[in-house]
file query03.cif (mmCIF, C-alpha atoms)
data_input
loop_
_atom_site.label_atom_id
_atom_site.label_comp_id
_atom_site.auth_asym_id
_atom_site.auth_seq_id
_atom_site.Cartn_x
_atom_site.Cartn_y
_atom_site.Cartn_z
CA MET B 1 15.35 60.56 -3.98
CA ILE B 2 11.85 61.92 -3.90
CA THR B 3 9.65 61.23 -6.89
CA PRO B 4 6.38 63.16 -7.15
CA ASP B 5 3.25 61.15 -7.85
CA ALA B 6 1.17 61.60 -11.01
CA LEU B 7 -0.45 64.73 -9.55
CA GLY B 8 2.85 66.23 -8.44
CA TYR B 9 2.42 65.49 -4.76
CA LEU B 10 5.37 64.36 -2.69
CA PRO B 11 5.09 61.45 -0.25
CA GLU B 12 5.78 62.25 3.38
CA THR B 13 9.20 61.29 4.76
CA PRO B 14 8.75 58.05 6.72
CA SER B 15 8.91 58.17 10.50
CA GLN B 16 11.57 56.27 12.40
CA THR B 17 11.86 55.60 16.11
CA ALA B 18 13.43 58.36 18.19
CA GLY B 19 15.58 55.65 19.76
CA PRO B 20 17.02 55.38 23.26
CA TYR B 21 19.16 58.52 22.96
CA VAL B 22 16.51 61.04 21.92
CA HIS B 23 17.55 63.10 24.94
CA ILE B 24 20.83 64.10 23.27
CA GLY B 25 19.09 65.94 20.52
CA LEU B 26 16.04 67.36 22.21
CA ILE B 27 16.78 67.57 25.95
CA PRO B 28 20.57 67.20 26.21
CA ARG B 29 20.67 67.98 29.92
CA GLN B 30 18.87 64.72 30.62
CA ALA B 31 21.43 62.89 28.47
CA GLY B 32 24.01 64.24 30.89
CA PHE B 33 25.57 67.32 29.30
CA ASP B 34 24.99 70.99 28.71
CA ILE B 35 25.60 72.30 25.21
CA PHE B 36 23.04 74.92 24.23
CA GLU B 37 22.78 78.35 25.74
CA ASN B 38 19.03 78.24 25.29
CA ASN B 39 17.32 74.91 25.94
CA LEU B 40 14.01 74.84 24.10
CA GLY B 41 10.80 73.64 25.65
CA GLU B 42 11.68 73.79 29.33
CA ALA B 43 8.51 75.70 30.21
CA ALA B 44 5.26 76.15 28.32
CA PHE B 45 4.54 79.45 30.04
CA ASP B 46 6.57 81.83 32.12
CA PRO B 47 5.56 82.67 35.68
CA THR B 48 3.69 85.82 34.67
CA ALA B 49 1.23 84.00 32.40
CA GLU B 50 -2.39 84.40 33.34
CA GLY B 51 -4.42 81.42 34.41
CA GLU B 52 -4.55 78.65 36.96
CA ARG B 53 -1.10 77.16 37.61
CA ILE B 54 -1.26 73.41 37.45
CA ARG B 55 1.06 70.47 37.31
CA ILE B 56 0.34 67.56 35.02
CA GLU B 57 2.13 64.27 35.47
CA GLY B 58 1.97 60.60 34.78
CA ARG B 59 3.77 57.45 33.81
CA ILE B 60 4.00 55.60 30.53
CA LEU B 61 3.49 51.85 30.68
CA ASP B 62 4.20 49.22 28.04
CA GLY B 63 2.12 46.17 27.13
CA ALA B 64 3.64 44.18 30.02
CA GLY B 65 2.88 46.95 32.52
CA ALA B 66 6.55 48.00 32.75
CA LEU B 67 7.53 51.65 33.04
CA VAL B 68 8.80 53.31 29.88
CA ARG B 69 11.68 55.30 31.30
CA ASP B 70 13.27 56.58 28.10
CA ALA B 71 10.33 58.35 26.42
CA LEU B 72 10.06 61.97 25.38
CA VAL B 73 6.75 63.80 25.82
CA GLU B 74 5.83 67.11 24.17
CA ILE B 75 2.80 69.19 25.05
CA TRP B 76 1.02 71.75 22.91
CA GLN B 77 -1.83 73.72 24.43
CA ALA B 78 -3.89 76.88 24.36
CA ASP B 79 -3.51 79.63 26.93
CA ALA B 80 -6.03 80.27 29.69
CA SER B 81 -8.29 82.15 27.27
CA GLY B 82 -8.34 79.23 24.82
CA ARG B 83 -6.00 80.63 22.17
CA TYR B 84 -3.02 79.00 20.53
CA PRO B 85 0.04 81.20 19.93
CA ALA B 86 -0.13 80.84 16.14
CA GLN B 87 -3.34 82.85 16.15
CA GLY B 88 -1.94 85.71 18.14
CA MET B 89 -1.93 84.49 21.68
CA ASN B 90 -3.05 87.20 24.04
CA ASP B 91 -0.33 86.44 26.44
CA PRO B 92 3.25 86.91 25.21
CA SER B 93 4.59 85.12 28.27
CA GLY B 94 4.44 81.65 26.81
CA ARG B 95 4.52 79.56 23.70
CA GLY B 96 2.14 76.83 24.84
CA TRP B 97 4.70 74.17 24.04
CA ALA B 98 7.13 72.25 26.21
CA ARG B 99 8.86 68.91 26.36
CA THR B 100 10.43 66.59 28.88
CA GLY B 101 11.67 63.05 29.28
CA THR B 102 10.26 60.38 31.54
CA ASP B 103 12.57 60.01 34.53
CA PHE B 104 15.24 57.30 34.09
CA GLU B 105 14.46 55.98 37.59
CA THR B 106 10.82 56.68 38.40
CA GLY B 107 9.42 56.76 34.87
CA LEU B 108 7.45 59.90 35.72
CA TRP B 109 6.91 62.76 33.27
CA SER B 110 5.58 66.09 34.48
CA PHE B 111 4.99 69.67 33.37
CA GLU B 112 4.31 72.85 35.30
CA THR B 113 1.86 74.74 33.15
CA ILE B 114 -1.44 76.61 33.21
CA LYS B 115 -4.84 75.18 32.65
CA PRO B 116 -5.90 75.84 29.06
CA GLY B 117 -9.18 77.46 28.18
CA ARG B 118 -11.76 76.05 25.80
CA VAL B 119 -10.82 76.14 22.12
CA PRO B 120 -13.36 76.36 19.28
CA GLY B 121 -14.16 73.05 17.60
CA ARG B 122 -13.33 72.23 14.01
CA ARG B 123 -14.26 75.11 11.71
CA GLY B 124 -15.66 76.95 14.69
CA HIS B 125 -18.40 74.44 15.42
CA GLY B 126 -19.00 74.33 19.17
CA ARG B 127 -16.25 74.41 21.73
CA MET B 128 -13.85 71.70 22.80
CA ALA B 129 -13.33 70.97 26.47
CA PRO B 130 -10.02 72.18 27.94
CA HIS B 131 -7.29 69.81 26.83
CA ILE B 132 -3.56 69.49 26.34
CA ASN B 133 -2.22 67.78 23.22
CA LEU B 134 0.47 65.19 23.91
CA TRP B 135 3.02 63.74 21.50
CA ILE B 136 5.07 60.77 22.65
CA VAL B 137 8.18 59.27 21.09
CA ALA B 138 10.59 56.65 22.39
CA ARG B 139 12.67 53.64 21.56
CA GLY B 140 10.21 51.05 20.29
CA ILE B 141 7.67 53.64 19.12
CA ASN B 142 7.97 53.70 15.33
CA THR B 143 5.77 56.73 14.70
CA GLY B 144 5.13 59.44 17.31
CA LEU B 145 1.89 58.90 19.21
CA SER B 146 -0.69 61.70 19.46
CA THR B 147 -3.14 61.81 22.30
CA ARG B 148 -4.87 64.38 24.52
CA LEU B 149 -5.09 65.05 28.21
CA TYR B 150 -8.55 66.13 29.34
CA PHE B 151 -9.48 67.17 32.87
CA ALA B 152 -11.72 64.73 34.74
CA ASP B 153 -13.25 67.54 36.79
CA GLU B 154 -14.57 69.30 33.65
CA GLU B 155 -17.53 66.99 33.43
CA ALA B 156 -19.94 69.35 31.69
CA ALA B 157 -17.40 70.51 29.09
CA ASN B 158 -16.14 66.97 28.52
CA ALA B 159 -19.69 65.76 27.91
CA GLU B 160 -20.03 68.08 24.91
CA ASP B 161 -16.49 67.74 23.58
CA PRO B 162 -16.61 66.61 19.93
CA VAL B 163 -13.36 64.64 20.15
CA LEU B 164 -14.23 62.69 23.28
CA GLY B 165 -17.58 62.16 21.57
CA ILE B 166 -16.08 60.18 18.68
CA VAL B 167 -14.49 57.69 21.08
CA GLU B 168 -17.22 55.13 21.02
CA GLN B 169 -16.60 53.22 24.23
CA PRO B 170 -16.98 55.25 27.44
CA GLU B 171 -14.26 53.22 29.17
CA ARG B 172 -11.79 54.14 26.43
CA ARG B 173 -12.75 57.81 26.80
CA ARG B 174 -11.63 57.58 30.39
CA THR B 175 -8.06 56.83 29.26
CA LEU B 176 -7.83 60.52 28.33
CA LEU B 177 -9.12 61.96 31.62
CA ALA B 178 -6.55 63.19 34.14
CA ARG B 179 -7.67 63.02 37.75
CA ARG B 180 -7.23 66.02 39.97
CA GLU B 181 -5.11 65.71 43.08
CA VAL B 182 -3.67 68.30 45.40
CA ARG B 183 0.10 68.40 45.96
CA ASP B 184 1.68 71.01 48.22
CA ASP B 185 -1.60 72.95 48.12
CA ARG B 186 -1.45 73.07 44.32
CA PRO B 187 -3.55 71.23 41.77
CA CYS B 188 -1.91 68.29 40.05
CA TYR B 189 -3.61 66.36 37.26
CA VAL B 190 -2.46 62.76 36.90
CA LEU B 191 -2.69 60.72 33.72
CA ASP B 192 -0.99 57.40 33.08
CA ILE B 193 -0.49 56.46 29.44
CA ARG B 194 -0.77 52.81 28.53
CA LEU B 195 0.83 52.08 25.19
CA GLN B 196 -0.74 48.68 24.69
CA GLY B 197 -3.15 46.12 26.07
CA GLU B 198 -5.65 46.46 28.87
CA GLY B 199 -6.65 50.07 29.37
CA GLU B 200 -4.73 51.09 26.23
CA THR B 201 -4.75 54.86 25.86
CA VAL B 202 -6.69 56.30 22.95
CA PHE B 203 -4.22 57.51 20.32
CA PHE B 204 -5.34 59.65 17.44
CA ASP B 205 -4.54 59.74 13.76
CA ILE B 206 -4.46 63.50 13.43
CA MET Q 1 -10.30 78.74 11.16
CA ASN Q 2 -9.49 78.69 7.49
CA PRO Q 3 -10.06 75.17 6.20
CA ALA Q 4 -7.21 75.66 3.72
CA HIS Q 5 -4.81 75.04 6.57
CA GLU Q 6 -6.06 71.60 7.35
CA PHE Q 7 -3.51 68.92 6.54
CA VAL Q 8 -3.97 66.06 4.15
CA ALA Q 9 -4.46 62.76 5.88
CA ARG Q 10 -1.22 61.05 6.82
CA ASP Q 11 -0.51 58.22 4.37
CA ARG Q 12 0.22 55.50 6.91
CA ALA Q 13 1.59 53.23 4.18
CA GLN Q 14 4.70 55.45 4.08
CA HIS Q 15 5.36 54.81 7.77
CA PRO Q 16 6.21 51.77 9.86
CA PRO Q 17 3.30 49.96 11.54
CA ALA Q 18 3.18 50.29 15.33
CA VAL Q 19 4.26 46.71 15.95
CA THR Q 20 7.17 45.41 13.88
CA PRO Q 21 8.58 42.14 15.27
CA ILE Q 22 11.90 42.58 13.47
CA TYR Q 23 12.47 45.52 15.82
CA LYS Q 24 11.70 43.74 19.07
CA THR Q 25 11.18 46.72 21.37
CA SER Q 26 8.15 47.75 19.31
CA VAL Q 27 6.35 44.54 20.22
CA LEU Q 28 5.43 45.77 23.71
CA ARG Q 29 5.46 49.50 22.97
CA GLY Q 30 3.30 49.74 19.86
CA PRO Q 31 -0.43 50.28 20.37
CA HIS Q 32 -2.68 47.40 19.31
CA ARG Q 33 -5.91 49.33 18.94
CA PRO Q 34 -6.56 51.26 15.76
CA LEU Q 35 -5.81 54.97 15.94
CA ILE Q 36 -8.94 57.07 16.19
CA SER Q 37 -9.18 59.34 13.17
CA LEU Q 38 -9.52 62.98 14.02
CA GLN Q 39 -10.46 65.79 11.67
CA ASN Q 40 -8.12 68.74 12.12
CA SER Q 41 -9.11 71.38 14.64
CA GLN Q 42 -7.02 74.29 15.87
CA SER Q 43 -5.27 71.86 18.19
CA GLU Q 44 -3.74 70.08 15.21
CA VAL Q 45 -3.23 72.83 12.63
CA THR Q 46 -1.40 75.20 14.97
CA GLY Q 47 2.01 74.53 16.42
CA PRO Q 48 4.94 76.17 18.16
CA ALA Q 49 7.08 78.62 16.18
CA PHE Q 50 10.76 79.32 16.73
CA GLY Q 51 12.92 82.26 15.72
CA ASN Q 52 16.61 82.39 14.89
CA SER Q 53 17.12 84.44 18.04
CA ALA Q 54 16.42 81.29 20.06
CA LEU Q 55 19.53 79.62 18.65
CA GLY Q 56 23.25 80.16 19.17
CA PRO Q 57 25.72 80.82 16.32
CA LEU Q 58 27.35 77.36 16.58
CA ASP Q 59 24.15 75.38 17.01
CA ASN Q 60 24.40 73.99 13.45
CA ASP Q 61 28.11 73.23 13.63
CA LEU Q 62 28.72 69.93 15.43
CA ILE Q 63 32.44 70.19 14.64
CA LEU Q 64 32.72 73.26 16.83
CA ASN Q 65 29.75 73.31 19.20
CA HIS Q 66 31.36 70.99 21.74
CA ALA Q 67 35.03 71.45 20.83
CA LYS Q 68 37.09 71.61 24.03
CA THR Q 69 40.73 70.82 23.28
CA GLY Q 70 40.47 70.56 19.49
CA GLU Q 71 38.12 69.36 16.81
CA PRO Q 72 36.33 65.99 16.92
CA ILE Q 73 37.86 62.97 15.20
CA GLY Q 74 36.10 61.73 12.07
CA GLU Q 75 35.13 62.32 8.47
CA ARG Q 76 34.07 65.93 8.10
CA VAL Q 77 30.70 66.22 6.37
CA ILE Q 78 28.10 68.81 5.53
CA VAL Q 79 24.50 67.61 5.54
CA HIS Q 80 22.05 69.83 3.72
CA GLY Q 81 18.72 69.79 1.97
CA ARG Q 82 15.26 71.26 2.00
CA VAL Q 83 12.14 70.83 4.05
CA LEU Q 84 9.17 70.66 1.67
CA ASP Q 85 5.51 69.91 2.10
CA GLY Q 86 3.42 67.41 0.19
CA SER Q 87 2.73 69.97 -2.53
CA ALA Q 88 6.49 70.49 -3.01
CA ARG Q 89 6.33 73.91 -1.40
CA PRO Q 90 9.26 74.98 0.80
CA VAL Q 91 8.59 74.96 4.52
CA GLY Q 92 10.57 77.93 5.78
CA GLY Q 93 11.20 79.13 9.30
CA VAL Q 94 10.83 75.77 11.02
CA LEU Q 95 13.06 74.17 13.61
CA VAL Q 96 15.14 71.16 12.55
CA GLU Q 97 17.08 69.31 15.26
CA PHE Q 98 19.58 66.49 14.82
CA TRP Q 99 21.58 64.12 16.99
CA GLN Q 100 24.02 61.31 16.33
CA ALA Q 101 26.79 59.05 17.58
CA ASN Q 102 30.42 60.12 17.21
CA ALA Q 103 32.77 58.73 14.54
CA GLY Q 104 33.31 55.60 16.63
CA GLY Q 105 29.60 54.90 17.03
CA ARG Q 106 29.31 56.09 20.64
CA TYR Q 107 26.65 58.50 21.89
CA ARG Q 108 27.30 61.09 24.55
CA HIS Q 109 24.53 59.71 26.74
CA ARG Q 110 24.55 58.32 30.23
CA ASN Q 111 22.76 55.18 29.06
CA ASP Q 112 25.19 54.30 26.24
CA SER Q 113 27.82 51.80 27.37
CA TYR Q 114 29.30 50.79 24.00
CA VAL Q 115 33.05 50.12 24.19
CA ALA Q 116 33.95 52.81 21.64
CA PRO Q 117 35.19 55.93 23.44
CA ILE Q 118 33.43 59.24 23.95
CA ASP Q 119 35.08 61.97 21.89
CA PRO Q 120 35.85 64.81 24.29
CA ASN Q 121 35.32 67.30 21.47
CA PHE Q 122 32.02 66.02 20.17
CA GLY Q 123 28.58 66.57 21.66
CA GLY Q 124 26.55 65.05 18.86
CA CYS Q 125 23.58 67.38 18.65
CA GLY Q 126 22.63 70.53 16.82
CA ARG Q 127 19.73 72.49 15.42
CA THR Q 128 18.85 75.08 12.83
CA ILE Q 129 15.90 76.95 11.36
CA THR Q 130 15.06 76.57 7.67
CA ASP Q 131 15.41 79.63 5.46
CA ALA Q 132 12.61 81.00 3.28
CA ASP Q 133 13.33 78.34 0.64
CA GLY Q 134 13.07 75.60 3.25
CA ARG Q 135 16.83 75.01 3.19
CA TYR Q 136 18.83 73.70 6.13
CA HIS Q 137 22.47 72.76 6.53
CA PHE Q 138 24.85 71.73 9.24
CA ARG Q 139 28.41 70.52 9.61
CA THR Q 140 29.42 67.45 11.55
CA VAL Q 141 31.58 64.32 11.49
CA LYS Q 142 30.09 61.22 9.96
CA PRO Q 143 28.69 58.97 12.69
CA GLY Q 144 30.03 55.42 13.02
CA PRO Q 145 27.97 52.23 13.01
CA TYR Q 146 27.36 50.54 16.34
CA PRO Q 147 25.87 47.30 17.67
CA TYR Q 148 22.61 47.20 19.56
CA ARG Q 149 20.55 44.62 21.36
CA ASN Q 150 17.91 43.28 19.03
CA ARG Q 151 18.91 40.19 17.13
CA VAL Q 152 22.16 38.52 18.26
CA ASN Q 153 24.38 40.50 15.90
CA ASP Q 154 22.51 43.66 14.91
CA TRP Q 155 24.41 46.78 13.88
CA ARG Q 156 22.99 50.16 13.06
CA PRO Q 157 24.21 51.70 9.81
CA ALA Q 158 25.63 55.19 10.16
CA HIS Q 159 22.65 57.47 10.70
CA ILE Q 160 21.61 60.87 11.99
CA HIS Q 161 18.37 61.35 13.90
CA PHE Q 162 16.18 64.27 12.79
CA SER Q 163 13.32 66.06 14.54
CA VAL Q 164 11.27 68.46 12.42
CA PHE Q 165 8.49 70.90 13.24
CA GLY Q 166 6.08 72.15 10.63
CA SER Q 167 3.54 74.91 10.88
CA GLY Q 168 1.11 72.64 12.72
CA PHE Q 169 1.62 70.14 15.52
CA ALA Q 170 0.09 67.45 13.27
CA GLN Q 171 3.18 67.69 11.03
CA ARG Q 172 5.56 66.80 13.86
CA LEU Q 173 8.06 64.22 12.66
CA ILE Q 174 11.04 62.32 14.00
CA THR Q 175 13.06 60.16 11.66
CA GLN Q 176 16.56 58.97 10.76
CA MET Q 177 18.81 59.74 7.80
CA TYR Q 178 21.25 57.20 6.37
CA PHE Q 179 24.27 57.54 4.08
CA GLU Q 180 24.33 56.34 0.48
CA GLY Q 181 26.40 53.22 -0.07
CA ASP Q 182 26.47 52.00 3.54
CA PRO Q 183 26.51 48.17 3.35
CA LEU Q 184 24.74 47.90 6.71
CA ILE Q 185 21.60 49.58 5.33
CA ARG Q 186 20.24 46.35 3.90
CA HIS Q 187 20.74 44.54 7.22
CA ASP Q 188 19.18 47.18 9.46
CA SER Q 189 16.20 46.06 11.54
CA ILE Q 190 15.02 49.59 12.23
CA LEU Q 191 15.04 50.79 8.63
CA ALA Q 192 13.29 47.50 7.82
CA THR Q 193 10.29 48.62 9.89
CA VAL Q 194 9.34 50.87 6.93
CA PRO Q 195 7.47 48.42 4.71
CA ASP Q 196 7.85 50.16 1.35
CA GLY Q 197 11.19 49.96 -0.43
CA ALA Q 198 10.85 53.32 -2.16
CA ALA Q 199 9.97 54.90 1.19
CA ARG Q 200 13.08 53.37 2.80
CA ASP Q 201 15.18 54.75 -0.02
CA ARG Q 202 13.91 58.25 0.74
CA LEU Q 203 15.69 58.05 4.10
CA VAL Q 204 19.07 57.68 2.39
CA ALA Q 205 21.09 60.86 1.80
CA ARG Q 206 23.03 61.13 -1.46
CA LEU Q 207 26.65 62.12 -1.75
CA ASP Q 208 26.65 65.67 -3.12
CA LEU Q 209 30.14 66.37 -4.43
CA ASP Q 210 29.12 69.75 -5.81
CA ALA Q 211 28.19 70.95 -2.33
CA SER Q 212 31.41 69.68 -0.76
CA VAL Q 213 34.28 71.97 0.13
CA PRO Q 214 37.36 70.84 -1.84
CA LEU Q 215 40.28 69.72 0.35
CA ASP Q 216 38.07 70.14 3.42
CA THR Q 217 34.58 68.61 3.80
CA LEU Q 218 32.35 66.16 1.90
CA ALA Q 219 28.64 66.89 1.54
CA TYR Q 220 25.47 64.81 1.60
CA ARG Q 221 22.07 66.00 0.53
CA TRP Q 222 18.78 64.91 2.07
CA ASP Q 223 15.35 66.46 1.58
CA ILE Q 224 12.53 66.07 4.08
CA VAL Q 225 8.85 66.09 3.18
CA LEU Q 226 6.16 67.03 5.71
CA ARG Q 227 2.45 66.50 5.20
CA GLY Q 228 0.87 69.00 2.87
CA SER Q 229 -2.14 71.21 3.39
CA ARG Q 230 -5.40 70.19 1.87
CA SER Q 231 -6.88 71.93 -1.16
CA THR Q 232 -10.47 72.62 -0.32
CA LEU Q 233 -13.22 73.79 -2.58
CA PHE Q 234 -14.71 76.35 -0.31
CA GLU Q 235 -17.14 79.07 -1.27
CA ASN Q 236 -16.32 78.38 -4.94
CA ARG Q 237 -12.64 79.16 -4.50
CA LEU Q 238 -9.87 76.62 -4.58
CA GLN Q 239 -7.78 77.16 -1.49
CA GLY Q 240 -4.67 75.61 -0.17
CA ASN Q 241 -2.51 75.40 -3.26
#
call {"tool": "encode", "arguments": {"input": "query03.cif", "output": "structure tokens"}}
result
Amino acid sequence: MITPDALGYLPETPSQTAGPYVHIGLIPRQAGFDIFENNLGEAAFDPTAEGERIRIEGRILDGAGALVRDALVEIWQADASGRYPAQGMNDPSGRGWARTGTDFETGLWSFETIKPGRVPGRRGHGRMAPHINLWIVARGINTGLSTRLYFADEEAANAEDPVLGIVEQPERRRTLLARREVRDDRPCYVLDIRLQGEGETVFFDI
Amino acid sequence: MNPAHEFVARDRAQHPPAVTPIYKTSVLRGPHRPLISLQNSQSEVTGPAFGNSALGPLDNDLILNHAKTGEPIGERVIVHGRVLDGSARPVGGVLVEFWQANAGGRYRHRNDSYVAPIDPNFGGCGRTITDADGRYHFRTVKPGPYPYRNRVNDWRPAHIHFSVFGSGFAQRLITQMYFEGDPLIRHDSILATVPDGAARDRLVARLDLDASVPLDTLAYRWDIVLRGSRSTLFENRLQGN
């Protein structure tokens, strides 16, 4: 049972791994069955949303360089004007949130979304570079991992981003930068996430 | 942005470390570098919101939401409780999702090959949205224990996986709930990843006879606590409480 501390605060419920079967609960179609009429998180924005349509994709690699093929990735992002839905998103055609699993064969995760705009920095100080917040859970991950995807081609904005700025080593900063490619005449930003070891992705305590 | 909505720092001592050798898969999947501490910006204090209209009427009834030729086999249970924040305030209107094995300990998942059979009438997942008092409830059959590849003879105690959203993406939480009195709890390698004994105990639901339905369904109660918002002395006013 939950005992408040001397000031009356309650301790947070401990995290536990999402396990190998996270798909059942959050993306049951990938587990192999259809149960809900409305599957949540299949698209961050609908096709009418304003902004540049992009694809983001990548792989997740463990400390031995092996593909993590049973992870779940959620994204949370601003719309093209840089607003999150909770603050009255201009565009009712999306919630800015989606989730997917890495593919059981290829290990790839991907989202079709729109490129977010710049969001004000903490307490309105400055502006952050366009970014997409990522949250990763899987078997073997005891507490969900928070990181961000930035766009490598936003050099000027990235240079003044306060969050990239607190990552001391420039080579670690690069673990957050997705490179732009073109696929079927459409922009695709690619970011591999390395859970551990050489080139380990920067994860945040948010 | 109103600083009152920033969250208190996550107390990492309540949570498992990233690498916990007793749970072997974490050894190659847990980051080695320290997390980089980030002060909350809009990216962390905002988060997706969900309405009841997004859900179906049977989404919180695992006894009926995949029933094909009859009801699933197993001990009928109600699981209920509240979602609170660190200041003991109810967190209403948030999405709670849950998934579990069937009564024999088998998941309806293409990657689960345990010998126990799939129950044709059990899907094993559901979801609900907390009411204004932070309350949630759902009906299911009690999941069975099952073996898994870790140590030579490791068995998971009966458990239900939970996914919870708060008001901000920084409150996002996935965890597991166990059942009071299960003798496998003290042998479980995954529960053992939580270093603090009192914290482990908070993952164990209590039998709640008063909430059971006589001659029909037993009940267990389990409360969930998300990170609280920070009280901030700001312009001479105490905000956040």
call {"tool": "atom_distance", "arguments": {"input": "query03.cif", "atom1": "CA of Ala211 (chain Q)", "atom2": "CA of Asp223 (chain Q)"}}
result
14.2 Å
call {"tool": "atom_distance", "arguments": {"input": "query03.cif", "atom1": "CA of Asp70 (chain B)", "atom2": "CA of Tyr146 (chain Q)"}}
result
19.3 Å
call {"tool": "residues_around", "arguments": {"input": "query03.cif", "residues": "region 147-156 of chain Q", "least_positions_apart": "4", "cutoff": "10 Å", "atoms": "all atoms listed in the file", "output": "PyMOL selection string"}}
result
chain Q and resi 22-25+105-106+114+178+184-185+187-191
call {"tool": "write_last_selection", "arguments": {"input": "query03.cif", "atoms": "C-alpha atoms", "output": "short mmCIF file (atom, residue, chain, number, x, y, z; two decimals), in the coordinates of the input"}}
result
data_model
loop_
_atom_site.label_atom_id
_atom_site.label_comp_id
_atom_site.auth_asym_id
_atom_site.auth_seq_id
_atom_site.Cartn_x
_atom_site.Cartn_y
_atom_site.Cartn_z
CA ILE Q 22 11.90 42.58 13.47
CA TYR Q 23 12.47 45.52 15.82
CA LYS Q 24 11.70 43.74 19.07
CA THR Q 25 11.18 46.72 21.37
CA GLY Q 105 29.60 54.90 17.03
CA ARG Q 106 29.31 56.09 20.64
CA TYR Q 114 29.30 50.79 24.00
CA TYR Q 178 21.25 57.20 6.37
CA LEU Q 184 24.74 47.90 6.71
CA ILE Q 185 21.60 49.58 5.33
CA HIS Q 187 20.74 44.54 7.22
CA ASP Q 188 19.18 47.18 9.46
CA SER Q 189 16.20 46.06 11.54
CA ILE Q 190 15.02 49.59 12.23
CA LEU Q 191 15.04 50.79 8.63
#
call {"tool": "closest_atom_pairs", "arguments": {"input": "query03.cif", "of": "chain Q", "to": "chain B", "cutoff": "6 Å", "atoms": "only C-alpha atoms", "output": "CSV"}}
result
residue,atom,partner,partner_atom,distance
Q:Met1,CA,B:Arg123,CA,5.4
Q:Gln14,CA,B:Pro14,CA,5.5
Q:His15,CA,B:Pro14,CA,4.8
Q:Ala18,CA,B:Asn142,CA,5.9
Q:Thr25,CA,B:Gly140,CA,4.6
Q:Ser26,CA,B:Gly140,CA,4.0
Q:Leu28,CA,B:Gly63,CA,4.8
Q:Arg29,CA,B:Asp62,CA,5.2
Q:Gly30,CA,B:Ile141,CA,5.9
Q:Pro31,CA,B:Gln196,CA,4.6
Q:His32,CA,B:Gln196,CA,5.9
Q:Leu35,CA,B:Phe204,CA,4.9
Q:Ile36,CA,B:Phe204,CA,4.6
Q:Ser37,CA,B:Asp205,CA,4.7
Q:Leu38,CA,B:Ile206,CA,5.1
Q:Ser41,CA,B:Arg122,CA,4.4
Q:Thr46,CA,B:Ala86,CA,5.9
Q:Gly86,CA,B:Leu10,CA,4.6
Q:Ser87,CA,B:Tyr9,CA,5.0
Q:Phe98,CA,B:Gly25,CA,5.7
Q:Trp99,CA,B:Gly25,CA,4.7
Q:His109,CA,B:Ala31,CA,4.8
Q:Arg110,CA,B:Ala31,CA,5.8
Q:Cys125,CA,B:Gly25,CA,5.1
Q:Ile174,CA,B:Ser15,CA,5.8
Q:Thr175,CA,B:Gln16,CA,4.2
Q:Gln176,CA,B:Gln16,CA,5.9
Q:Arg202,CA,B:Met1,CA,5.4
Q:Ile224,CA,B:Thr13,CA,5.9
Q:Val225,CA,B:Glu12,CA,4.9
Q:Leu226,CA,B:Glu12,CA,5.3
Q:Arg227,CA,B:Glu12,CA,5.7
call {"tool": "closest_residue", "arguments": {"input": "query03.cif", "among": "Q:Thr193, Q:Thr128, Q:Asn121, Q:Ser212", "to": "Glu71 (chain Q)", "atoms": "only C-alpha atoms"}}
result
Q:Asn121
call {"tool": "axis_aligned_box", "arguments": {"input": "query03.cif", "around": "region 193-202 of chain B", "padding_each_side": "4 Å", "output": "lines of an AutoDock Vina configuration file"}}
result
center_x = -2.9
center_y = 51.3
center_z = 26.2
size_x = 15.5
size_y = 18.3
size_z = 14.5
call {"tool": "resolve_selection", "arguments": {"input": "query03.cif", "expression": "the PyMOL selection byres ((chain Q and resi 51) around 12)", "output": "list in words"}}
result
Leu40 and Arg95 of chain B; Pro48, Ala49, Phe50, Asn52, Ser53, Ala54, Leu55, Gly56, Gly92, Gly93, Val94, Leu95, Val96, Arg127, Thr128, Ile129, Thr130 and Asp131 of chain Q
call {"tool": "residues_around", "arguments": {"input": "query03.cif", "residues": "Trp109 (chain B)", "least_positions_apart": "3", "cutoff": "8 Å", "atoms": "only C-alpha atoms", "output": "JSON, numbers by chain"}}
result
{"B": [57, 58, 59, 73, 100, 101, 102, 103]}
call {"tool": "atom_distance", "arguments": {"input": "query03.cif", "atom1": "CA of Pro157 (chain Q)", "atom2": "CA of Gly144 (chain Q)"}}
result
7.6 Å
call {"tool": "closest_residue", "arguments": {"input": "query03.cif", "among": "Q:Gly168, Q:Trp222, Q:Arg230, Q:Tyr136", "to": "Ser43 (chain Q)", "atoms": "only C-alpha atoms"}}
result
Q:Gly168
call {"tool": "resolve_selection", "arguments": {"input": "query03.cif", "expression": "the PyMOL selection byres ((chain B and resi 176) around 7)", "output": "PyMOL selection string"}}
result
chain B and resi 148-150+173-175+177-178+201-202
call {"tool": "resolve_selection", "arguments": {"input": "query03.cif", "expression": "the PyMOL selection byres ((chain Q and resi 209) around 8)", "output": "ChimeraX atom specification"}}
result
/Q:207-208,210-212,218-220
call {"tool": "closest_residue", "arguments": {"input": "query03.cif", "among": "B:Asp192, B:Ala6, B:Arg172, B:Arg179", "to": "Leu108 (chain B)", "atoms": "all atoms listed in the file"}}
result
B:Asp192
call {"tool": "residues_around", "arguments": {"input": "query03.cif", "residues": "Asp182 (chain Q)", "least_positions_apart": "4", "cutoff": "10 Å", "atoms": "all atoms listed in the file", "output": "list of chain:residue names"}}
result
Q:Pro145, Q:Pro157, Q:Ala158, Q:His159, Q:Tyr178, Q:Arg186, Q:Val204
call {"tool": "closest_residue", "arguments": {"input": "query03.cif", "among": "Q:Gly104, Q:Gly228, Q:Gly181, Q:Gly70", "to": "Ile118 (chain Q)", "atoms": "all atoms listed in the file"}}
result
Q:Gly104
